[in-house]
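To be precise, the following lines are upload.txt, and they hold compact mmCIF, C-alpha atoms.
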# COMPACT_ATOMS: atom_id res chain seq x y z
CA MET F 185 72.46 108.99 50.52
CA ASP F 186 72.68 108.45 54.27
CA GLU F 187 74.40 105.06 54.03
CA LYS F 188 76.36 105.61 50.84
CA ASN F 189 80.03 106.45 51.13
CA ILE F 190 81.27 109.71 49.67
CA THR F 191 84.60 109.16 47.96
CA LEU F 192 86.84 112.02 46.89
CA ILE F 193 89.18 111.46 43.97
CA GLY F 194 91.49 113.72 42.03
CA PHE F 195 95.10 114.59 41.49
CA MET F 196 97.49 115.32 44.35
CA GLY F 197 96.92 118.85 45.53
CA ALA F 198 93.28 118.98 44.43
CA GLY F 199 92.15 119.34 48.05
CA LYS F 200 90.96 115.83 48.88
CA THR F 201 92.42 115.75 52.39
CA ALA F 202 91.21 119.19 53.48
CA VAL F 203 87.77 118.79 51.90
CA SER F 204 87.30 115.26 53.30
CA GLU F 205 88.06 116.51 56.82
CA ILE F 206 85.46 119.28 56.47
CA LEU F 207 82.86 116.95 54.93
CA ALA F 208 83.31 114.34 57.65
CA LYS F 209 82.86 116.94 60.36
CA ARG F 210 79.85 118.65 58.75
CA LEU F 211 78.09 115.44 57.80
CA LYS F 212 79.03 113.72 61.10
CA ARG F 213 80.61 110.77 59.28
CA PRO F 214 83.80 108.85 59.88
CA ARG F 215 86.64 109.77 57.54
CA VAL F 216 88.94 107.22 55.93
CA ALA F 217 92.13 108.54 54.36
CA VAL F 218 93.48 105.76 52.18
CA ASP F 219 97.08 107.03 52.18
CA GLU F 220 97.07 107.42 55.97
CA LEU F 221 95.85 103.83 56.37
CA ILE F 222 98.56 102.59 54.00
CA VAL F 223 101.22 104.28 56.14
CA LYS F 224 99.70 102.81 59.29
CA LEU F 225 99.47 99.33 57.74
CA ASP F 226 102.96 99.28 56.24
CA GLY F 227 104.82 101.32 58.84
CA ARG F 228 106.61 103.46 56.24
CA GLU F 229 105.83 106.85 54.72
CA ILE F 230 104.46 106.85 51.16
CA LYS F 231 107.71 108.14 49.66
CA GLU F 232 109.62 105.35 51.43
CA ILE F 233 107.21 102.70 50.13
CA PHE F 234 107.68 104.04 46.57
CA SER F 235 111.47 104.22 46.80
CA GLU F 236 112.02 100.92 48.66
CA SER F 237 109.24 98.71 47.29
CA GLY F 238 108.02 100.47 44.15
CA GLU F 239 104.74 101.88 42.91
CA ALA F 240 103.24 98.46 42.10
CA PHE F 241 103.61 97.39 45.73
CA PHE F 242 102.07 100.66 46.89
CA ARG F 243 99.10 100.14 44.52
CA GLU F 244 98.51 96.66 45.98
CA LEU F 245 98.38 98.12 49.50
CA GLU F 246 96.05 100.82 48.22
CA SER F 247 93.66 98.23 46.72
CA TYR F 248 93.67 96.25 49.96
CA VAL F 249 92.86 99.33 52.06
CA ILE F 250 90.06 100.36 49.68
CA ALA F 251 88.57 96.84 49.76
CA GLU F 252 88.50 96.99 53.56
CA ALA F 253 87.09 100.52 53.69
CA VAL F 254 84.14 99.89 51.37
CA ARG F 255 82.84 97.20 53.69
CA GLN F 256 81.66 100.08 55.89
CA LYS F 257 78.86 102.53 55.22
CA SER F 258 78.39 106.29 55.58
CA LEU F 259 82.08 107.12 55.27
CA VAL F 260 83.91 110.01 53.69
CA ILE F 261 86.78 108.37 51.83
CA ASP F 262 89.82 110.35 50.71
CA CYS F 263 91.58 108.38 47.95
CA GLY F 264 95.09 108.90 46.69
CA GLY F 265 95.45 110.41 43.23
CA GLY F 266 96.08 107.11 41.46
CA ALA F 267 93.55 104.93 43.26
CA VAL F 268 91.00 104.96 40.45
CA LEU F 269 93.52 103.84 37.85
CA LYS F 270 92.66 100.25 38.81
CA ASN F 271 89.20 99.11 37.73
CA GLU F 272 88.79 96.91 40.80
CA ASN F 273 89.14 99.98 43.04
CA VAL F 274 86.55 101.88 41.03
CA GLU F 275 84.10 98.98 41.16
CA ARG F 276 84.55 98.67 44.91
CA LEU F 277 84.16 102.39 45.53
CA LYS F 278 81.02 102.57 43.37
CA SER F 279 79.47 99.50 45.01
CA ASN F 280 78.21 101.57 47.93
CA GLY F 281 79.19 105.10 47.20
CA VAL F 282 79.24 108.29 45.24
CA ILE F 283 82.52 109.34 43.66
CA VAL F 284 83.33 113.06 43.63
CA TYR F 285 86.15 114.27 41.40
CA LEU F 286 87.89 117.35 42.78
CA LYS F 287 89.19 118.85 39.57
CA ALA F 288 92.01 121.39 39.37
CA SER F 289 94.19 122.84 36.63
CA PRO F 290 97.86 121.87 36.36
CA ASP F 291 98.90 125.39 37.40
CA ALA F 292 96.69 125.36 40.51
CA LEU F 293 97.96 121.90 41.44
CA TYR F 294 101.58 122.96 41.03
CA GLU F 295 101.07 126.02 43.22
CA ARG F 296 99.54 123.86 45.95
CA VAL F 297 102.25 121.16 45.99
CA LYS F 298 105.43 122.93 44.85
CA ASN F 299 106.92 123.17 48.35
CA GLN F 300 105.91 119.68 49.50
CA THR F 301 108.61 117.04 49.75
CA HIS F 302 106.43 113.98 50.37
CA ARG F 303 105.18 113.58 46.79
CA PRO F 304 107.22 110.71 45.26
CA LEU F 305 105.80 111.12 41.76
CA LEU F 306 107.04 114.72 41.70
CA ASN F 307 110.67 114.01 42.61
CA VAL F 308 111.70 114.97 39.08
CA GLU F 309 113.58 117.83 37.44
CA ASP F 310 110.43 119.62 36.22
CA PRO F 311 107.51 118.88 38.59
CA ARG F 312 105.19 121.35 36.80
CA LYS F 313 105.65 119.41 33.55
CA ARG F 314 105.21 116.09 35.38
CA ILE F 315 101.92 117.29 36.89
CA ALA F 316 100.63 118.29 33.46
CA GLU F 317 101.66 114.91 31.99
CA LEU F 318 100.15 112.81 34.78
CA LEU F 319 96.97 114.87 34.87
CA ALA F 320 96.57 114.58 31.11
CA ALA F 321 96.94 110.80 31.40
CA ARG F 322 94.45 110.55 34.28
CA ALA F 323 91.85 113.25 33.55
CA ASP F 324 89.68 111.02 31.37
CA VAL F 325 89.63 108.29 34.02
CA TYR F 326 88.78 110.79 36.76
CA GLU F 327 85.90 112.23 34.73
CA LYS F 328 84.46 108.88 33.59
CA THR F 329 84.74 107.41 37.09
CA SER F 330 83.04 110.25 38.93
CA ASP F 331 79.39 110.81 39.69
CA LEU F 332 80.06 114.47 40.42
CA ILE F 333 82.80 116.89 39.32
CA ILE F 334 83.70 119.92 41.41
CA ASP F 335 86.24 122.44 40.13
CA THR F 336 88.54 123.49 42.98
CA ASP F 337 90.56 126.22 41.24
CA LEU F 338 90.41 129.49 43.19
CA LYS F 339 88.16 127.94 45.86
CA SER F 340 88.81 127.33 49.53
CA PRO F 341 88.42 123.82 50.94
CA ASP F 342 85.41 125.12 52.89
CA GLY F 343 83.81 126.46 49.71
CA VAL F 344 84.45 123.18 47.90
CA ALA F 345 82.95 121.19 50.79
CA ARG F 346 79.82 123.37 50.72
CA GLU F 347 79.52 122.81 46.97
CA VAL F 348 79.89 119.04 47.39
CA ILE F 349 77.16 118.95 50.05
CA ARG F 350 74.80 121.05 47.90
CA SER F 351 75.47 118.92 44.82
CA LEU F 352 74.96 115.62 46.64
CA GLU F 353 71.35 116.61 47.30
CA PHE F 354 70.68 116.12 43.57
CA ILE F 355 72.24 112.67 43.26

This entry written out as structure tokens:
Amino acid sequence: MDEKNITLIGFMGAGKTAVSEILAKRLKRPRVAVDELIVKLDGREIKEIFSESGEAFFRELESYVIAEAVRQKSLVIDCGGGAVLKNENVERLKSNGVIVYLKASPDALYERVKNQTHRPLLNVEDPRKRIAELLAARADVYEKTSDLIIDTDLKSPDGVAREVIRSLEFI
């Protein structure tokens, strides 16, 4: 497990960023945040990339960043919510890593992201409904892709990180 990457997947608001920061610190590993690298590479915020160049362009940048990241070992990788919708990303992430799905209910996700303005997929009239729809469409992929599933509802990022570390001992 020492050299394998630990990749966090899940819907926006599941806690990937906060948990990845804690894991990286506790496990003394470098952290790679895919969305942060996309912003650095492109020079625009995610919502600008979506509005100006479209989701397909964003997904290409995402695949490129993931391909570069998996060349390294012993990372904690924080993937965007849609990263595992492309098989090539899943194959790359699994090639030298363990995938952890941070699972949350639509209601918990909505409560966590309802006041955030940087979520381009939620710039709709009814974001709660949109979360439920997107999660329903992605849940099967998240579950089939993951090596480990951690429920994050009613848990702090610190508690989730502790659970991930404990669970990784059995993989």

*Grab the CA of Ser351 in chain F to CA of Leu332 in chain F distance for me, in Å with one decimal place.*
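Here the two named atoms are 7.8 Å from each other.
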
*With only C-alpha atoms as the basis for distance, which of F:Val260, F:Leu338, F:Glu244, F:Gly194 is at the shortest distance from Ala217 in chain F?*
F:Val260

*Take the point (89.7, 125.7, 51.9) as written in the file and pick out every residue within 9 Å of it, counting only C-alpha atoms; give the list as a VMD selection string.*
chain F and resid 199 202 to 203 206 339 to 345

Can you spit out the residues from that selection as a CSV table (one decimal), keeping the file's coordinate frame, using C-alpha atoms?
chain,number,residue,atom,x,y,z
F,199,GLY,CA,92.2,119.3,48.0
F,202,ALA,CA,91.2,119.2,53.5
F,203,VAL,CA,87.8,118.8,51.9
F,206,ILE,CA,85.5,119.3,56.5
F,339,LYS,CA,88.2,127.9,45.9
F,340,SER,CA,88.8,127.3,49.5
F,341,PRO,CA,88.4,123.8,50.9
F,342,ASP,CA,85.4,125.1,52.9
F,343,GLY,CA,83.8,126.5,49.7
F,344,VAL,CA,84.4,123.2,47.9
F,345,ALA,CA,83.0,121.2,50.8

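Going from CA of Leu319 in chain F to CA of Leu293 in chain F covers 9.7 Å.
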
*Could you tell me how far CA of Phe242 in chain F lies from CA of Val308 in chain F, in Å and to one decimal?*
18.9 Å

*Identify which of the residues F:Gly264, F:Pro311, F:Pro214, F:Gly227 lies closest to Tyr294 in chain F, counting all atoms listed in the file when measuring atom-to-atom distances.*
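Looking at the shortest contact to Tyr294 in chain F, the residue is F:Pro311.
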
*Among the residues F:Ala253, F:Ala198, F:Leu259, F:Ile190, the one that comes closest to Leu221 in chain F [using all atoms listed in the file]*: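 Using all atoms listed in the file, the shortest distance to Leu221 in chain F belongs to F:Ala253.
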
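Shortest atom-to-atom contact with Asp337 in chain F among F:Asn299, F:Ser235, F:Ser289, F:Asn271: F:Ser289, counting all atoms listed in the file.
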
_Shortest interatomic distance to Val254 in chain F - which of F:Arg322, F:Lys200, F:Arg276, F:Arg312, counting all atoms listed in the file_ = F:Arg276

What lies within 12 Å of Ile222 in chain F using only C-alpha atoms, ignoring chain neighbours under 3 positions off, as a short mmCIF file (atom, residue, chain, number, x, y, z; two decimals) with C-alpha atoms, keeping the file's coordinate frame?
data_model
loop_
_atom_site.label_atom_id
_atom_site.label_comp_id
_atom_site.auth_asym_id
_atom_site.auth_seq_id
_atom_site.Cartn_x
_atom_site.Cartn_y
_atom_site.Cartn_z
CA VAL F 216 88.94 107.22 55.93
CA ALA F 217 92.13 108.54 54.36
CA VAL F 218 93.48 105.76 52.18
CA ASP F 219 97.08 107.03 52.18
CA LEU F 225 99.47 99.33 57.74
CA ASP F 226 102.96 99.28 56.24
CA GLY F 227 104.82 101.32 58.84
CA ARG F 228 106.61 103.46 56.24
CA GLU F 229 105.83 106.85 54.72
CA ILE F 230 104.46 106.85 51.16
CA LYS F 231 107.71 108.14 49.66
CA GLU F 232 109.62 105.35 51.43
CA ILE F 233 107.21 102.70 50.13
CA PHE F 234 107.68 104.04 46.57
CA PHE F 241 103.61 97.39 45.73
CA PHE F 242 102.07 100.66 46.89
CA ARG F 243 99.10 100.14 44.52
CA GLU F 244 98.51 96.66 45.98
CA LEU F 245 98.38 98.12 49.50
CA GLU F 246 96.05 100.82 48.22
CA SER F 247 93.66 98.23 46.72
CA TYR F 248 93.67 96.25 49.96
CA VAL F 249 92.86 99.33 52.06
CA ILE F 250 90.06 100.36 49.68
CA GLU F 252 88.50 96.99 53.56
CA ALA F 253 87.09 100.52 53.69
CA CYS F 263 91.58 108.38 47.95
CA GLY F 264 95.09 108.90 46.69
#

*asked:* Using only C-alpha atoms, can you tell me which of F:Ala316, F:Glu353, F:Ala321, F:Ser330 comes closest to Glu275 in chain F?
replied: F:Ser330
